[in-house]
Amino acid sequence: MSRPITIDEDIVAEATKWRRHLHANPETAFEEHATADFVAAKLEEFGIEVHRGLGKTGVVGTLKRGSSPAAIGLRADMDALFIHEETNLPYRSKVDGKMHACGHDGHTAMLLGAASYLARHGEFDGTIQFIFQPAEETGDERCGGNMMVKDGLFEKFPVEAVFGMHNMPYFQAGTFRMRTGPMLASIDTFEYHVISRLAHPATQFGTPDPLLIAARIVQDMHAFKARYVNPAEPVVLSITQFQSGNPADRQSVHVTPEKAVVRGTIYTLNDAVRDEFETGLEKIVRHAADASGASHKFIFERGYPVMRNTAKETEFAASVAREVVGNDLVETNMQPIMGAEDFAFLLNGAPGSYVLLGAAVEGEAAPRALHNPGYDFNDEIIPTGVRYWATLAERYLSQARQG
Ligand SMILES: [Zn+2]
Ligand SMILES: [Zn+2]
């Protein structure tokens, strides 16, 4: 049995300070300049080789020991959200309209903590790539994970496997959940316009009514999901924006608007289902507009693919989680979650596994929901997260994984 890993108290204390510093200074997608400077400075301080600029503001730290060609990638995300913080924390966001409401401040701090530990004590043979990525939250193909992969992440920093982690305030602190196969959904967005001409309601019968047509399309889209897609495939279809006319102008209630614009999102666990929706929704919009004599526009924009964990790496991640928190606190067959994560792009480039680390705050009646103005990362899980990363890297690179 390998030596048990205990994280030095000063590393945990420091990581907590870094987390709060990052929390107070949030930066959103591809603007993580100060955050990247901070991460790079820390890595250099630990004696880790630093590479900047992958995916614009991404940072990769490389720590190599021994002679083995084996290599592992550990990834954290660094970006904040466009949310105005509503807490009274001493380290609350100093930037109006931006905050770390998804815990990426904690993810960055925990991976830095592990880097500090591994640089100081790490016993392994091979290479650890510490991947700090920007822009996890964009929801489209321009996200940081995809940009780093496109910039040659896996060519410049080849790894046998890549691992990710996210805090989860809805689960008990210090528990791990994961699954092999699809664990998080794909996300795509769509938009349609129904276009006609302004009309007086008295003579409306001669002019297509875009609002009525667009409203019927909303119903038809839900019917498509309910009746024309295999119900064994989980799908979340949401129409989230509907705009027509000008509610701010009370007087224009006497005019039928010339246009309606509607937007929505689709989450699924199967990439083939995305194709079905792209074709099916376009057809619904086209037919409805044609039937009424209106014109239309339809845009389908691909976001993140389905996030799939590979079996071998997930079994390995589970064994590490069990070593860190014990058997009872590790769930290896969790139900998939219909949310999306751009780590999916990394898992399309290398085998690996993404785990959820429970982060509920004991004694609080309701969980601190992610993407909420009152959210704050639970610092109590920092030692567990750091220990998971450090153990994962050491065990992976000590098993002389030849083949
Ligand atoms: Zn988020
Ligand atoms: Zn997140």
# chains A, B, ... in the order shown; residues from 1 in each chain; ligands from 1
>>> select_by_dssp(residues="region 205-300 of chain A", states="alpha helix (DSSP H)", output="ChimeraX atom specification")
/A:210-227,271-292
>>> write_last_selection(atoms="N, CA, C and O atoms", output="short mmCIF file (atom, residue, chain, number, x, y, z; two decimals), in the first residue's frame")
data_model
loop_
_atom_site.label_atom_id
_atom_site.label_comp_id
_atom_site.auth_asym_id
_atom_site.auth_seq_id
_atom_site.Cartn_x
_atom_site.Cartn_y
_atom_site.Cartn_z
N PRO A 210 -47.49 37.59 -36.61
CA PRO A 210 -46.27 36.87 -36.19
C PRO A 210 -46.34 36.38 -34.75
O PRO A 210 -45.79 35.32 -34.43
N LEU A 211 -47.05 37.14 -33.91
CA LEU A 211 -47.11 36.74 -32.50
C LEU A 211 -47.90 35.44 -32.33
O LEU A 211 -47.47 34.51 -31.64
N LEU A 212 -49.01 35.37 -33.01
CA LEU A 212 -49.85 34.16 -32.94
C LEU A 212 -49.10 32.95 -33.51
O LEU A 212 -49.12 31.86 -32.93
N ILE A 213 -48.43 33.17 -34.64
CA ILE A 213 -47.70 32.06 -35.27
C ILE A 213 -46.56 31.60 -34.36
O ILE A 213 -46.36 30.40 -34.13
N ALA A 214 -45.83 32.56 -33.80
CA ALA A 214 -44.69 32.22 -32.94
C ALA A 214 -45.16 31.49 -31.69
O ALA A 214 -44.51 30.56 -31.21
N ALA A 215 -46.32 31.91 -31.16
CA ALA A 215 -46.86 31.26 -29.96
C ALA A 215 -47.26 29.81 -30.27
O ALA A 215 -47.03 28.90 -29.47
N ARG A 216 -47.83 29.60 -31.47
CA ARG A 216 -48.22 28.25 -31.83
C ARG A 216 -46.97 27.36 -32.01
O ARG A 216 -46.98 26.18 -31.69
N ILE A 217 -45.91 27.96 -32.52
CA ILE A 217 -44.66 27.20 -32.70
C ILE A 217 -44.14 26.70 -31.33
O ILE A 217 -43.63 25.59 -31.21
N VAL A 218 -44.29 27.54 -30.30
CA VAL A 218 -43.86 27.12 -28.95
C VAL A 218 -44.57 25.82 -28.57
O VAL A 218 -43.94 24.85 -28.13
N GLN A 219 -45.87 25.78 -28.79
CA GLN A 219 -46.65 24.57 -28.47
C GLN A 219 -46.20 23.40 -29.33
O GLN A 219 -46.04 22.28 -28.84
N ASP A 220 -46.01 23.67 -30.62
CA ASP A 220 -45.62 22.60 -31.54
C ASP A 220 -44.26 22.01 -31.17
O ASP A 220 -44.04 20.80 -31.33
N MET A 221 -43.36 22.85 -30.71
CA MET A 221 -42.03 22.35 -30.32
C MET A 221 -42.15 21.40 -29.12
O MET A 221 -41.50 20.36 -29.08
N HIS A 222 -42.97 21.79 -28.15
CA HIS A 222 -43.16 20.89 -27.00
C HIS A 222 -43.86 19.60 -27.42
O HIS A 222 -43.56 18.53 -26.89
N ALA A 223 -44.77 19.71 -28.38
CA ALA A 223 -45.45 18.51 -28.88
C ALA A 223 -44.44 17.61 -29.60
O ALA A 223 -44.48 16.38 -29.49
N PHE A 224 -43.53 18.22 -30.34
CA PHE A 224 -42.48 17.46 -31.03
C PHE A 224 -41.68 16.64 -30.02
O PHE A 224 -41.45 15.44 -30.20
N LYS A 225 -41.29 17.30 -28.94
CA LYS A 225 -40.53 16.62 -27.90
C LYS A 225 -41.35 15.49 -27.27
O LYS A 225 -40.86 14.40 -27.03
N ALA A 226 -42.62 15.77 -27.03
CA ALA A 226 -43.47 14.80 -26.33
C ALA A 226 -43.87 13.62 -27.22
O ALA A 226 -44.08 12.51 -26.73
N ARG A 227 -44.01 13.84 -28.52
CA ARG A 227 -44.62 12.83 -29.38
C ARG A 227 -43.75 12.32 -30.52
O ARG A 227 -44.07 11.31 -31.14
N ASP A 271 -25.96 12.55 -28.61
CA ASP A 271 -25.67 13.51 -29.69
C ASP A 271 -26.58 13.34 -30.90
O ASP A 271 -26.86 14.31 -31.60
N ALA A 272 -27.08 12.13 -31.14
CA ALA A 272 -27.97 11.91 -32.29
C ALA A 272 -29.29 12.67 -32.09
O ALA A 272 -29.91 13.14 -33.05
N VAL A 273 -29.72 12.79 -30.85
CA VAL A 273 -30.96 13.50 -30.55
C VAL A 273 -30.83 14.99 -30.88
O VAL A 273 -31.79 15.65 -31.28
N ARG A 274 -29.62 15.51 -30.77
CA ARG A 274 -29.40 16.92 -31.13
C ARG A 274 -29.69 17.14 -32.61
O ARG A 274 -30.30 18.13 -32.99
N ASP A 275 -29.26 16.18 -33.42
CA ASP A 275 -29.51 16.30 -34.86
C ASP A 275 -31.01 16.26 -35.15
O ASP A 275 -31.51 17.01 -35.97
N GLU A 276 -31.70 15.35 -34.45
CA GLU A 276 -33.16 15.25 -34.63
C GLU A 276 -33.84 16.57 -34.32
O GLU A 276 -34.77 16.99 -35.02
N PHE A 277 -33.40 17.24 -33.26
CA PHE A 277 -34.02 18.51 -32.89
C PHE A 277 -33.66 19.61 -33.88
O PHE A 277 -34.51 20.44 -34.20
N GLU A 278 -32.44 19.60 -34.33
CA GLU A 278 -32.06 20.65 -35.28
C GLU A 278 -32.96 20.59 -36.51
O GLU A 278 -33.48 21.60 -36.98
N THR A 279 -33.15 19.37 -37.03
CA THR A 279 -33.99 19.20 -38.21
C THR A 279 -35.47 19.44 -37.89
O THR A 279 -36.18 20.14 -38.62
N GLY A 280 -35.93 18.83 -36.79
CA GLY A 280 -37.35 18.87 -36.44
C GLY A 280 -37.84 20.28 -36.12
O GLY A 280 -38.89 20.71 -36.60
N LEU A 281 -37.08 21.02 -35.34
CA LEU A 281 -37.52 22.36 -34.94
C LEU A 281 -37.52 23.31 -36.15
O LEU A 281 -38.41 24.16 -36.29
N GLU A 282 -36.55 23.15 -37.01
CA GLU A 282 -36.49 24.00 -38.21
C GLU A 282 -37.74 23.78 -39.06
O GLU A 282 -38.35 24.72 -39.55
N LYS A 283 -38.10 22.51 -39.19
CA LYS A 283 -39.26 22.15 -40.01
C LYS A 283 -40.54 22.76 -39.42
O LYS A 283 -41.39 23.29 -40.15
N ILE A 284 -40.67 22.70 -38.11
CA ILE A 284 -41.86 23.26 -37.44
C ILE A 284 -41.98 24.76 -37.73
O ILE A 284 -43.05 25.27 -38.08
N VAL A 285 -40.87 25.47 -37.61
CA VAL A 285 -40.89 26.92 -37.83
C VAL A 285 -41.21 27.22 -39.29
O VAL A 285 -42.07 28.06 -39.60
N ARG A 286 -40.57 26.52 -40.18
CA ARG A 286 -40.75 26.76 -41.62
C ARG A 286 -42.20 26.51 -42.02
O ARG A 286 -42.83 27.34 -42.68
N HIS A 287 -42.73 25.37 -41.61
CA HIS A 287 -44.10 25.03 -42.00
C HIS A 287 -45.12 26.00 -41.43
O HIS A 287 -46.05 26.42 -42.12
N ALA A 288 -44.95 26.35 -40.16
CA ALA A 288 -45.91 27.27 -39.52
C ALA A 288 -45.88 28.63 -40.21
O ALA A 288 -46.93 29.24 -40.46
N ALA A 289 -44.69 29.10 -40.52
CA ALA A 289 -44.59 30.42 -41.17
C ALA A 289 -45.17 30.34 -42.59
O ALA A 289 -45.97 31.19 -42.99
N ASP A 290 -44.80 29.29 -43.34
CA ASP A 290 -45.30 29.12 -44.71
C ASP A 290 -46.82 29.05 -44.75
O ASP A 290 -47.47 29.69 -45.57
N ALA A 291 -47.37 28.25 -43.83
CA ALA A 291 -48.83 28.04 -43.83
C ALA A 291 -49.58 29.36 -43.63
O ALA A 291 -50.70 29.52 -44.09
N SER A 292 -48.94 30.31 -42.93
CA SER A 292 -49.64 31.56 -42.64
C SER A 292 -49.18 32.71 -43.54
O SER A 292 -49.62 33.84 -43.36
#
>>> residues_around(residues="Phe82 (chain A)", least_positions_apart="5", cutoff="8 Å", atoms="only C-alpha atoms", output="PyMOL selection string")
chain A and resi 28+97-99
>>> residues_near_ligand(ligand="ligand 2", cutoff="10 Å", atoms="only C-alpha atoms and all ligand atoms", output="MDAnalysis selection string")
chainID A and resid 76:81 100:105 107 135:137 165:168 340:342 370:371
>>> residues_around(residues="Gly53 (chain A)", least_positions_apart="4", cutoff="12 Å", atoms="only C-alpha atoms", output="PyMOL selection string")
chain A and resi 30-33+36-37+40+57-61+131-134+144+147-148+151-153
>>> select_by_dssp(residues="region 199-364 of chain A", states="strand (DSSP E)", output="ChimeraX atom specification")
/A:235-244,259-268,295-302,307-309,330-331,352-358
>>> closest_residue(among="A:Arg92, A:His200, A:Arg120, A:His84", to="Glu45 (chain A)", atoms="only C-alpha atoms")
A:Arg120
